[in-house]
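Colleague: Coordinates in start.cif, mmCIF, C-alpha atoms, are listed below.
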data_query
loop_
_atom_site.label_atom_id
_atom_site.label_comp_id
_atom_site.auth_asym_id
_atom_site.auth_seq_id
_atom_site.Cartn_x
_atom_site.Cartn_y
_atom_site.Cartn_z
CA MET S 5 -64.84 117.96 111.88
CA ASN S 6 -64.45 121.68 112.58
CA ARG S 7 -60.96 121.53 111.23
CA PHE S 8 -62.21 119.97 108.00
CA ARG S 9 -64.96 122.56 107.63
CA GLU S 10 -62.49 125.38 108.12
CA ALA S 11 -60.11 123.81 105.59
CA LEU S 12 -62.96 123.41 103.15
CA ARG S 13 -63.89 127.06 103.50
CA GLU S 14 -60.29 128.14 102.90
CA ALA S 15 -60.00 125.75 99.95
CA SER S 16 -63.19 127.12 98.36
CA THR S 17 -61.87 130.67 98.71
CA LEU S 18 -58.61 129.70 97.01
CA LEU S 19 -60.53 127.85 94.29
CA VAL S 20 -62.80 130.82 93.53
CA VAL S 21 -59.88 133.28 93.42
CA ALA S 22 -57.81 130.91 91.25
CA ALA S 23 -60.70 130.35 88.82
CA ALA S 24 -61.33 134.10 88.57
CA MET S 25 -57.65 134.86 87.99
CA GLY S 26 -57.37 132.02 85.45
CA PHE S 27 -60.26 133.28 83.34
CA ILE S 28 -59.25 136.94 83.65
CA TYR S 29 -55.65 136.20 82.67
CA THR S 30 -56.48 133.93 79.72
CA ALA S 31 -59.10 136.42 78.50
CA ALA S 32 -56.67 139.34 78.77
CA THR S 33 -53.87 137.49 77.00
CA GLU S 34 -56.17 135.61 74.59
CA LYS S 35 -54.74 132.25 75.58
CA GLY S 36 -56.27 128.85 76.29
CA VAL S 37 -60.08 128.96 76.18
CA PHE S 38 -59.95 132.47 74.75
CA ALA S 39 -57.39 131.74 72.04
CA ARG S 40 -58.61 132.94 68.64
CA THR S 41 -57.14 130.01 66.77
CA VAL S 42 -55.98 126.79 68.34
CA PRO S 43 -52.59 125.98 66.83
CA THR S 44 -52.35 122.22 66.36
CA VAL S 45 -48.84 122.18 64.92
CA PRO S 46 -46.19 124.85 65.49
CA ALA S 47 -45.37 127.09 62.55
CA THR S 48 -42.51 125.61 60.63
CA GLY S 49 -41.16 128.57 58.74
CA PRO S 50 -42.08 130.29 55.50
CA GLY S 51 -43.60 128.11 52.83
CA ALA S 52 -43.41 124.99 54.94
CA ASN S 53 -46.46 122.79 55.11
CA THR S 54 -47.45 120.66 58.07
CA PRO S 55 -46.88 116.93 58.43
CA GLN S 56 -49.86 114.88 57.39
CA MET S 57 -51.45 112.04 59.38
CA ILE S 58 -52.00 108.86 57.41
CA SER S 59 -53.98 105.71 58.16
CA GLY S 60 -52.68 102.18 58.65
CA ASP S 61 -53.69 101.21 55.09
CA GLU S 62 -51.77 104.12 53.62
CA VAL S 63 -48.74 103.26 55.74
CA TRP S 64 -48.91 99.67 54.51
CA SER S 65 -49.18 100.65 50.85
CA LEU S 66 -46.21 103.04 51.21
CA PHE S 67 -44.26 100.18 52.80
CA GLN S 68 -45.10 97.88 49.89
CA THR S 69 -44.02 100.39 47.25
CA GLY S 70 -40.74 100.87 49.10
CA SER S 71 -40.83 104.58 48.40
CA ALA S 72 -40.88 105.74 52.01
CA LEU S 73 -38.23 105.73 54.68
CA PHE S 74 -39.70 104.68 58.04
CA ILE S 75 -38.61 106.64 61.10
CA ASP S 76 -39.17 105.23 64.58
CA SER S 77 -39.33 108.06 67.14
CA ARG S 78 -39.53 105.80 70.21
CA HIS S 79 -36.74 105.13 72.73
CA ASP S 80 -33.87 102.99 71.50
CA PHE S 81 -34.81 100.10 73.82
CA ASP S 82 -38.31 99.98 72.32
CA PHE S 83 -36.78 100.09 68.87
CA LYS S 84 -34.36 97.25 69.64
CA ALA S 85 -37.20 95.10 70.98
CA GLY S 86 -39.00 95.35 67.64
CA HIS S 87 -39.70 97.83 64.86
CA ILE S 88 -41.12 98.14 61.37
CA LYS S 89 -38.82 96.28 58.97
CA GLY S 90 -36.20 98.64 57.57
CA ALA S 91 -37.08 101.52 59.92
CA VAL S 92 -34.45 103.89 61.26
CA ASN S 93 -34.45 104.86 64.93
CA VAL S 94 -34.43 108.59 65.62
CA PRO S 95 -35.59 108.92 69.25
CA LEU S 96 -37.22 112.26 69.91
CA LYS S 97 -35.51 112.28 73.29
CA ASP S 98 -31.96 113.61 72.75
CA PHE S 99 -32.85 114.52 69.16
CA ASP S 100 -29.73 115.90 67.53
CA PHE S 101 -30.08 116.27 63.80
CA ALA S 102 -26.34 116.63 63.14
CA LYS S 103 -25.75 113.18 64.63
CA SER S 104 -28.89 111.50 63.28
CA PRO S 105 -28.77 109.12 60.33
CA LEU S 106 -31.13 111.49 58.49
CA LYS S 107 -28.63 114.27 58.00
CA ASP S 108 -27.44 112.80 54.68
CA VAL S 109 -30.90 111.90 53.41
CA LEU S 110 -32.28 113.90 50.47
CA ARG S 111 -34.79 116.45 51.65
CA ASP S 112 -37.48 115.33 49.20
CA GLN S 113 -37.35 111.73 50.45
CA LEU S 114 -40.77 110.62 51.70
CA LEU S 115 -40.60 109.93 55.45
CA VAL S 116 -43.17 108.07 57.55
CA VAL S 117 -42.71 108.77 61.25
CA TYR S 118 -44.30 106.54 63.87
CA CYS S 119 -44.26 106.01 67.62
CA ASP S 120 -46.09 103.64 69.93
CA GLY S 121 -49.66 104.23 68.83
CA ALA S 122 -52.47 106.71 68.60
CA GLU S 123 -51.80 108.09 72.09
CA CYS S 124 -48.15 109.04 71.71
CA ASN S 125 -46.88 112.43 70.57
CA SER S 126 -43.24 111.83 69.78
CA SER S 127 -43.96 111.06 66.09
CA ILE S 128 -45.79 114.37 65.68
CA GLU S 129 -43.08 116.33 67.48
CA LEU S 130 -40.30 114.62 65.50
CA ALA S 131 -42.16 115.17 62.21
CA VAL S 132 -42.38 118.89 62.97
CA GLU S 133 -38.65 118.96 63.80
CA LEU S 134 -37.81 117.18 60.55
CA MET S 135 -39.88 119.62 58.52
CA LYS S 136 -37.97 122.43 60.18
CA LYS S 137 -34.80 120.75 58.92
CA GLY S 138 -36.11 121.00 55.37
CA PHE S 139 -37.84 117.66 54.76
CA LYS S 140 -40.79 118.33 52.49
CA ASN S 141 -42.62 115.00 52.52
CA VAL S 142 -43.21 113.92 56.08
CA ARG S 143 -46.14 111.69 57.05
CA ILE S 144 -47.19 110.52 60.48
CA SER S 145 -48.57 107.04 61.02
CA PHE S 146 -51.64 107.61 63.18
CA GLY S 147 -51.89 104.05 64.53
CA GLY S 148 -48.12 103.65 64.93
CA TRP S 149 -46.26 100.57 66.02
CA ARG S 150 -49.21 98.90 67.73
CA GLU S 151 -51.42 99.03 64.64
CA TRP S 152 -48.54 97.64 62.57
CA VAL S 153 -48.07 94.66 64.90
CA GLU S 154 -51.80 93.99 65.11
CA ALA S 155 -51.96 93.85 61.31
CA ASN S 156 -49.11 91.28 61.34
CA HIS S 157 -46.97 93.37 59.02
CA PRO S 158 -43.23 92.66 58.75
CA THR S 159 -41.15 93.59 61.78
CA GLU S 160 -37.56 93.01 62.84
CA LYS S 161 -35.45 93.21 65.98
CA THR S 162 -32.02 94.73 66.43
CA PRO S 163 -29.70 92.33 68.26
CA MET T 15 -46.34 111.78 115.96
CA LYS T 16 -47.85 114.67 117.88
CA ALA T 17 -44.38 116.11 118.44
CA LEU T 18 -43.71 115.90 114.71
CA LEU T 19 -47.00 117.60 113.87
CA SER T 20 -46.18 120.50 116.20
CA ASN T 21 -42.51 120.79 115.23
CA SER T 22 -42.58 124.27 113.77
CA HIS T 23 -39.26 123.93 111.94
CA LEU T 24 -40.29 120.70 110.26
CA VAL T 25 -43.65 122.22 109.30
CA LEU T 26 -41.91 125.32 107.95
CA LEU T 27 -39.48 123.21 105.89
CA THR T 28 -42.33 121.17 104.39
CA ARG T 29 -44.33 124.32 103.65
CA VAL T 30 -41.41 125.98 101.87
CA PHE T 31 -40.59 122.84 99.88
CA LEU T 32 -44.16 122.14 98.72
CA GLY T 33 -44.91 125.85 98.30
CA LEU T 34 -41.91 126.51 96.07
CA LEU T 35 -42.56 123.33 94.09
CA PHE T 36 -46.14 124.39 93.35
CA VAL T 37 -45.28 128.01 92.56
CA VAL T 38 -42.46 127.05 90.18
CA SER T 39 -44.40 124.32 88.40
CA SER T 40 -47.46 126.55 87.98
CA LEU T 41 -45.65 129.34 86.11
CA GLU T 42 -44.98 127.46 82.89
CA LYS T 43 -48.58 126.20 82.79
CA ILE T 44 -49.97 129.69 83.40
CA VAL T 45 -47.99 131.09 80.50
CA ASP T 46 -48.96 128.27 78.15
CA PRO T 47 -52.40 126.84 79.08
CA ALA T 48 -52.83 125.25 75.63
CA SER T 49 -49.83 122.93 76.13
CA PHE T 50 -51.08 121.98 79.58
CA ALA T 51 -54.55 121.27 78.16
CA HIS T 52 -52.88 119.07 75.54
CA SER T 53 -51.01 117.18 78.29
CA ILE T 54 -54.27 116.66 80.19
CA SER T 55 -56.17 115.45 77.13
CA ASN T 56 -53.37 112.96 76.39
CA TYR T 57 -54.56 111.00 79.41
CA LYS T 58 -57.92 110.53 77.65
CA LEU T 59 -59.85 110.64 80.92
CA LEU T 60 -61.94 113.80 80.53
CA PRO T 61 -64.61 114.88 78.05
CA PRO T 62 -63.13 117.10 75.31
CA TRP T 63 -64.30 120.45 76.73
CA LEU T 64 -62.84 119.89 80.18
CA PRO T 65 -59.01 119.89 79.67
CA MET T 66 -58.97 123.52 78.50
CA THR T 67 -61.11 124.65 81.46
CA ALA T 68 -58.92 122.66 83.85
CA ALA T 69 -55.80 124.17 82.22
CA THR T 70 -57.24 127.63 82.84
CA ILE T 71 -57.93 127.12 86.55
CA LEU T 72 -55.49 124.49 87.84
CA PRO T 73 -52.20 126.39 87.26
CA TRP T 74 -53.56 129.38 89.16
CA LEU T 75 -54.80 127.12 91.91
CA GLU T 76 -51.29 125.65 92.13
CA LEU T 77 -49.82 129.16 92.28
CA PHE T 78 -52.18 130.37 95.02
CA CYS T 79 -51.78 127.17 97.04
CA GLY T 80 -48.00 127.59 96.71
CA PHE T 81 -48.18 131.18 97.95
CA ALA T 82 -50.56 130.16 100.72
CA LEU T 83 -48.17 127.47 101.95
CA LEU T 84 -45.20 129.83 101.78
CA SER T 85 -46.93 132.66 103.62
CA GLY T 86 -48.74 130.46 106.08
CA ILE T 87 -52.17 131.89 105.28
CA PHE T 88 -54.81 129.19 104.73
CA ILE T 89 -52.29 126.40 105.39
CA ARG T 90 -55.00 123.84 106.04
CA GLY T 91 -57.12 124.80 103.04
CA SER T 92 -54.19 124.84 100.68
CA ALA T 93 -52.83 121.57 102.08
CA LEU T 94 -56.26 120.03 101.46
CA LEU T 95 -56.30 121.32 97.87
CA VAL T 96 -52.69 120.28 97.22
CA SER T 97 -53.48 116.77 98.52
CA ALA T 98 -56.60 116.58 96.34
CA MET T 99 -54.72 117.76 93.25
CA LEU T 100 -51.80 115.39 93.86
CA ILE T 101 -54.15 112.45 94.45
CA ALA T 102 -56.04 113.26 91.21
CA PHE T 103 -52.79 113.63 89.22
CA THR T 104 -51.40 110.40 90.63
CA LEU T 105 -54.58 108.46 89.84
CA ALA T 106 -54.39 109.84 86.28
CA VAL T 107 -50.77 108.68 85.94
CA ILE T 108 -51.61 105.23 87.35
CA SER T 109 -54.56 104.83 84.99
CA GLY T 110 -52.34 105.96 82.09
CA LEU T 111 -49.70 103.40 83.03
CA LEU T 112 -52.27 100.62 83.37
CA ARG T 113 -53.63 101.46 79.92
CA GLY T 114 -50.09 101.45 78.54
CA LEU T 115 -50.16 105.08 77.39
CA ASP T 116 -46.87 106.36 75.98
CA ILE T 117 -47.30 109.99 77.01
CA SER T 118 -45.28 112.64 78.78
CA CYS T 119 -46.41 113.49 82.28
CA GLY T 120 -47.06 117.23 81.95
CA CYS T 121 -46.61 117.43 85.71
CA PHE T 122 -43.97 119.98 86.59
CA THR T 123 -42.95 121.01 83.11
CA GLN T 124 -44.57 120.81 79.69
CA ASP T 125 -41.28 119.89 78.04
CA PRO T 126 -41.82 116.49 76.34
CA ALA T 127 -38.13 115.71 76.85
CA ALA T 128 -38.71 115.77 80.63
CA GLY T 129 -39.80 112.17 80.52
CA LYS T 130 -42.70 109.83 80.14
CA ILE T 131 -45.08 108.83 82.89
CA GLY T 132 -43.75 105.94 84.95
CA TRP T 133 -44.03 104.24 88.33
CA MET T 134 -41.24 106.52 89.57
CA LYS T 135 -43.63 109.43 89.07
CA VAL T 136 -46.28 107.63 91.12
CA LEU T 137 -43.75 107.13 93.91
CA GLN T 138 -42.65 110.79 93.76
CA ASN T 139 -46.24 112.03 93.86
CA SER T 140 -47.13 109.66 96.70
CA SER T 141 -44.35 111.12 98.84
CA LEU T 142 -45.65 114.62 98.05
CA ILE T 143 -49.14 113.49 99.12
CA VAL T 144 -47.71 112.33 102.44
CA LEU T 145 -46.09 115.75 102.91
CA SER T 146 -49.27 117.66 102.13
CA LEU T 147 -51.36 115.44 104.43
CA PHE T 148 -48.74 116.06 107.11
CA LEU T 149 -49.26 119.81 106.67
CA TYR T 150 -53.03 119.39 106.82
CA HIS T 151 -52.75 117.67 110.19
CA SER T 152 -49.96 119.86 111.56
CA ASN T 153 -50.57 122.27 114.44
CA ALA T 154 -47.56 124.55 114.22
CA ASN T 155 -48.50 128.15 113.56
CA ARG T 156 -45.09 129.73 113.98
CA PHE T 157 -43.37 131.36 111.01
CA THR T 158 -46.65 132.33 109.33
CA LEU T 159 -47.64 135.76 108.10
CA PHE T 160 -50.40 135.87 110.74
CA SER T 161 -48.06 135.10 113.59
CA TYR T 162 -45.59 137.67 112.27
CA VAL T 163 -48.24 140.41 112.05
CA GLU T 164 -49.58 139.47 115.49
CA ARG T 165 -46.12 139.59 117.02
CA THR T 166 -45.15 142.92 115.47
CA SER T 167 -48.46 144.53 116.44
CA ARG T 168 -48.07 143.24 119.97
CA GLU T 169 -44.55 144.69 120.11
CA ASP T 170 -45.81 147.99 118.70
CA GLY T 171 -48.53 148.12 121.29
CA GLN T 172 -46.12 147.78 124.20
CA PRO T 173 -44.98 150.98 125.87
CA SER T 174 -41.28 151.49 125.44
#
How does the structure come out when it is put into structure tokens?
Modeller:
Amino acid sequence: MNRFREALREASTLLVVAAAMGFIYTAATEKGVFARTVPTVPATGPGANTPQMISGDEVWSLFQTGSALFIDSRHDFDFKAGHIKGAVNVPLKDFDFAKSPLKDVLRDQLLVVYCDGAECNSSIELAVELMKKGFKNVRISFGGWREWVEANHPTEKTP
Amino acid sequence: MKALLSNSHLVLLTRVFLGLLFVVSSLEKIVDPASFAHSISNYKLLPPWLPMTAATILPWLELFCGFALLSGIFIRGSALLVSAMLIAFTLAVISGLLRGLDISCGCFTQDPAAGKIGWMKVLQNSSLIVLSLFLYHSNANRFTLFSYVERTSREDGQPS
């Protein structure tokens, strides 16, 4: 019991010092809690706008008009198991634009990027990368693959 | 088991391994608390105001615990904190996996390419928990800053 009490005292000391240093450092460098503006999306160069999130209904209407190219940012095994009909797989992991099927796509082509669902980030990160490569119309499906499946919209598998 | 707990070389090895791991993994989070806060909020376990506060304190706590383990000052306290942090992180990963979250771990690096959370991560963390609990229960005090200072002062005090 004495051992635990001693450990607890040491741990509290470390915790207090760490908290103090954390707040002093972030205040001095204006980071974290003390950041003046919270950047949600990294800057993508001069004149570039940021990718826009769209809802499941908007994704569906873009699919129906056929005007958008769907980009699946998940792993290739997820893509093979099922994806939005006509989508192209560009996994964020090992993203290499020069080798991706998008390198020959016109830069004003409307792209809809999606990943697993609302909790995943790869669609956002890929969308930012694609805008850096010059794509002007990039949208992110907020509900992603899961919302698409739940709505019973057309899917396909890659053999 | 008692022999293991008092084996000063084994204790030293564990201290250096865990200490270095915590120091190295804390640096990136210290420099970029916003990314770490984002990783924490991806788990969707905490109220919105908490991830940023946690991202302010936790990396420094990791750094100080790492230094404490390396120097041998406050071994027990830092081992207790390291165990608590690892247990909390592991529970977060498990709950993320059970809810089917497709998120990156944010554990040792904030690089999203470093990999998603998975059961491998749980296994890795569990072995680290075992190591930190081992340190908590260990009795070896050799190779610590205290023992070094004590020894040198004793040697200084002796008449030549």
Colleague: Show me, as an NGL selection string, the residues of chain T whose atoms get within 9 Å of chain S, using all atoms listed in the file for the distance check.
Modeller: :T and (44-49 or 51 or 56-58 or 66-67 or 69-79 or 82 or 88-95 or 115-118 or 126-129 or 150)
Colleague: In Å, how far is it from CA of Glu34 (chain S) to CA of Ser53 (chain T)?
Modeller: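 Separation of CA of Glu34 (chain S) and CA of Ser53 (chain T): 19.5 Å.
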Colleague: Of the candidates S:His79, S:Lys137, S:Lys84, S:Lys89, which shows the shortest atom-to-atom distance to Lys107 (chain S), using only C-alpha atoms?
Modeller: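 Smallest separation from Lys107 (chain S) among the options: S:Lys137.
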Colleague: May I ask for the distance between CA of Pro158 (chain S) and CA of Arg143 (chain S), given in Å to one decimal place?
Modeller: 19.3 Å
Colleague: Could you spell out the hits of the PyMOL selection byres ((chain T and resi 121) around 10) on the shown file, as number ranges by chain?
Modeller: T: 39-40, 43, 50, 53-54, 100, 103-104, 107, 118-120, 122-125, 128, 131, 135, 139
Colleague: Would you kindly place all heavy atoms on region 109-120 of chain T and return the model as a PDB file, in the coordinates of the input?
Modeller:
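Contents of rebuild.pdb, freshly written:
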ATOM      1  N   SER T 109     -53.636 105.355  85.998  1.00  0.00           N
ATOM      2  CA  SER T 109     -54.560 104.830  84.990  1.00  0.00           C
ATOM      3  C   SER T 109     -53.903 104.861  83.605  1.00  0.00           C
ATOM      4  O   SER T 109     -54.090 103.967  82.788  1.00  0.00           O
ATOM      5  CB  SER T 109     -55.880 105.606  85.005  1.00  0.00           C
ATOM      6  OG  SER T 109     -55.909 106.564  83.988  1.00  0.00           O
ATOM      7  N   GLY T 110     -53.074 105.897  83.360  1.00  0.00           N
ATOM      8  CA  GLY T 110     -52.340 105.960  82.090  1.00  0.00           C
ATOM      9  C   GLY T 110     -51.370 104.802  81.959  1.00  0.00           C
ATOM     10  O   GLY T 110     -51.275 104.170  80.901  1.00  0.00           O
ATOM     11  N   LEU T 111     -50.681 104.503  83.057  1.00  0.00           N
ATOM     12  CA  LEU T 111     -49.700 103.400  83.030  1.00  0.00           C
ATOM     13  C   LEU T 111     -50.403 102.060  82.810  1.00  0.00           C
ATOM     14  O   LEU T 111     -49.933 101.222  82.047  1.00  0.00           O
ATOM     15  CB  LEU T 111     -48.922 103.361  84.344  1.00  0.00           C
ATOM     16  CG  LEU T 111     -47.870 104.456  84.524  1.00  0.00           C
ATOM     17  CD1 LEU T 111     -47.337 104.458  85.948  1.00  0.00           C
ATOM     18  CD2 LEU T 111     -46.731 104.255  83.539  1.00  0.00           C
ATOM     19  N   LEU T 112     -51.549 101.895  83.496  1.00  0.00           N
ATOM     20  CA  LEU T 112     -52.270 100.620  83.370  1.00  0.00           C
ATOM     21  C   LEU T 112     -52.814 100.439  81.953  1.00  0.00           C
ATOM     22  O   LEU T 112     -52.950  99.312  81.470  1.00  0.00           O
ATOM     23  CB  LEU T 112     -53.414 100.538  84.390  1.00  0.00           C
ATOM     24  CG  LEU T 112     -52.953 100.463  85.853  1.00  0.00           C
ATOM     25  CD1 LEU T 112     -54.153 100.395  86.788  1.00  0.00           C
ATOM     26  CD2 LEU T 112     -52.049  99.258  86.081  1.00  0.00           C
ATOM     27  N   ARG T 113     -53.134 101.568  81.286  1.00  0.00           N
ATOM     28  CA  ARG T 113     -53.630 101.460  79.920  1.00  0.00           C
ATOM     29  C   ARG T 113     -52.483 101.452  78.907  1.00  0.00           C
ATOM     30  O   ARG T 113     -52.701 101.425  77.706  1.00  0.00           O
ATOM     31  CB  ARG T 113     -54.583 102.620  79.608  1.00  0.00           C
ATOM     32  CG  ARG T 113     -55.947 102.444  80.242  1.00  0.00           C
ATOM     33  CD  ARG T 113     -56.809 103.668  80.013  1.00  0.00           C
ATOM     34  NE  ARG T 113     -56.263 104.822  80.703  1.00  0.00           N
ATOM     35  CZ  ARG T 113     -56.411 106.086  80.275  1.00  0.00           C
ATOM     36  NH1 ARG T 113     -57.048 106.327  79.157  1.00  0.00           N
ATOM     37  NH2 ARG T 113     -55.901 107.081  80.966  1.00  0.00           N
ATOM     38  N   GLY T 114     -51.247 101.508  79.416  1.00  0.00           N
ATOM     39  CA  GLY T 114     -50.090 101.450  78.540  1.00  0.00           C
ATOM     40  C   GLY T 114     -49.902 102.684  77.677  1.00  0.00           C
ATOM     41  O   GLY T 114     -49.362 102.607  76.583  1.00  0.00           O
ATOM     42  N   LEU T 115     -50.330 103.848  78.176  1.00  0.00           N
ATOM     43  CA  LEU T 115     -50.160 105.080  77.390  1.00  0.00           C
ATOM     44  C   LEU T 115     -48.688 105.477  77.350  1.00  0.00           C
ATOM     45  O   LEU T 115     -48.000 105.419  78.353  1.00  0.00           O
ATOM     46  CB  LEU T 115     -50.960 106.234  78.005  1.00  0.00           C
ATOM     47  CG  LEU T 115     -52.478 106.118  78.035  1.00  0.00           C
ATOM     48  CD1 LEU T 115     -53.094 107.439  78.487  1.00  0.00           C
ATOM     49  CD2 LEU T 115     -53.006 105.746  76.667  1.00  0.00           C
ATOM     50  N   ASP T 116     -48.254 105.900  76.148  1.00  0.00           N
ATOM     51  CA  ASP T 116     -46.870 106.360  75.980  1.00  0.00           C
ATOM     52  C   ASP T 116     -46.918 107.874  75.887  1.00  0.00           C
ATOM     53  O   ASP T 116     -46.849 108.449  74.813  1.00  0.00           O
ATOM     54  CB  ASP T 116     -46.317 105.721  74.698  1.00  0.00           C
ATOM     55  CG  ASP T 116     -44.954 106.281  74.314  1.00  0.00           C
ATOM     56  OD1 ASP T 116     -44.214 106.664  75.221  1.00  0.00           O
ATOM     57  OD2 ASP T 116     -44.645 106.308  73.113  1.00  0.00           O
ATOM     58  N   ILE T 117     -47.115 108.536  77.036  1.00  0.00           N
ATOM     59  CA  ILE T 117     -47.300 109.990  77.010  1.00  0.00           C
ATOM     60  C   ILE T 117     -46.350 110.646  78.008  1.00  0.00           C
ATOM     61  O   ILE T 117     -45.888 109.999  78.942  1.00  0.00           O
ATOM     62  CB  ILE T 117     -48.749 110.397  77.366  1.00  0.00           C
ATOM     63  CG1 ILE T 117     -49.174 109.799  78.696  1.00  0.00           C
ATOM     64  CG2 ILE T 117     -49.705 109.979  76.275  1.00  0.00           C
ATOM     65  CD1 ILE T 117     -50.551 110.235  79.154  1.00  0.00           C
ATOM     66  N   SER T 118     -46.084 111.950  77.782  1.00  0.00           N
ATOM     67  CA  SER T 118     -45.280 112.640  78.780  1.00  0.00           C
ATOM     68  C   SER T 118     -46.201 113.104  79.895  1.00  0.00           C
ATOM     69  O   SER T 118     -47.396 113.289  79.709  1.00  0.00           O
ATOM     70  CB  SER T 118     -44.501 113.795  78.158  1.00  0.00           C
ATOM     71  OG  SER T 118     -45.330 114.523  77.315  1.00  0.00           O
ATOM     72  N   CYS T 119     -45.612 113.273  81.075  1.00  0.00           N
ATOM     73  CA  CYS T 119     -46.410 113.490  82.280  1.00  0.00           C
ATOM     74  C   CYS T 119     -47.143 114.835  82.265  1.00  0.00           C
ATOM     75  O   CYS T 119     -48.311 114.917  82.596  1.00  0.00           O
ATOM     76  CB  CYS T 119     -45.480 113.417  83.481  1.00  0.00           C
ATOM     77  SG  CYS T 119     -46.309 113.651  85.038  1.00  0.00           S
ATOM     78  N   GLY T 120     -46.444 115.902  81.883  1.00  0.00           N
ATOM     79  CA  GLY T 120     -47.060 117.230  81.950  1.00  0.00           C
ATOM     80  C   GLY T 120     -47.234 117.697  83.378  1.00  0.00           C
ATOM     81  O   GLY T 120     -48.087 118.523  83.671  1.00  0.00           O
TER      82      GLY T 120
END
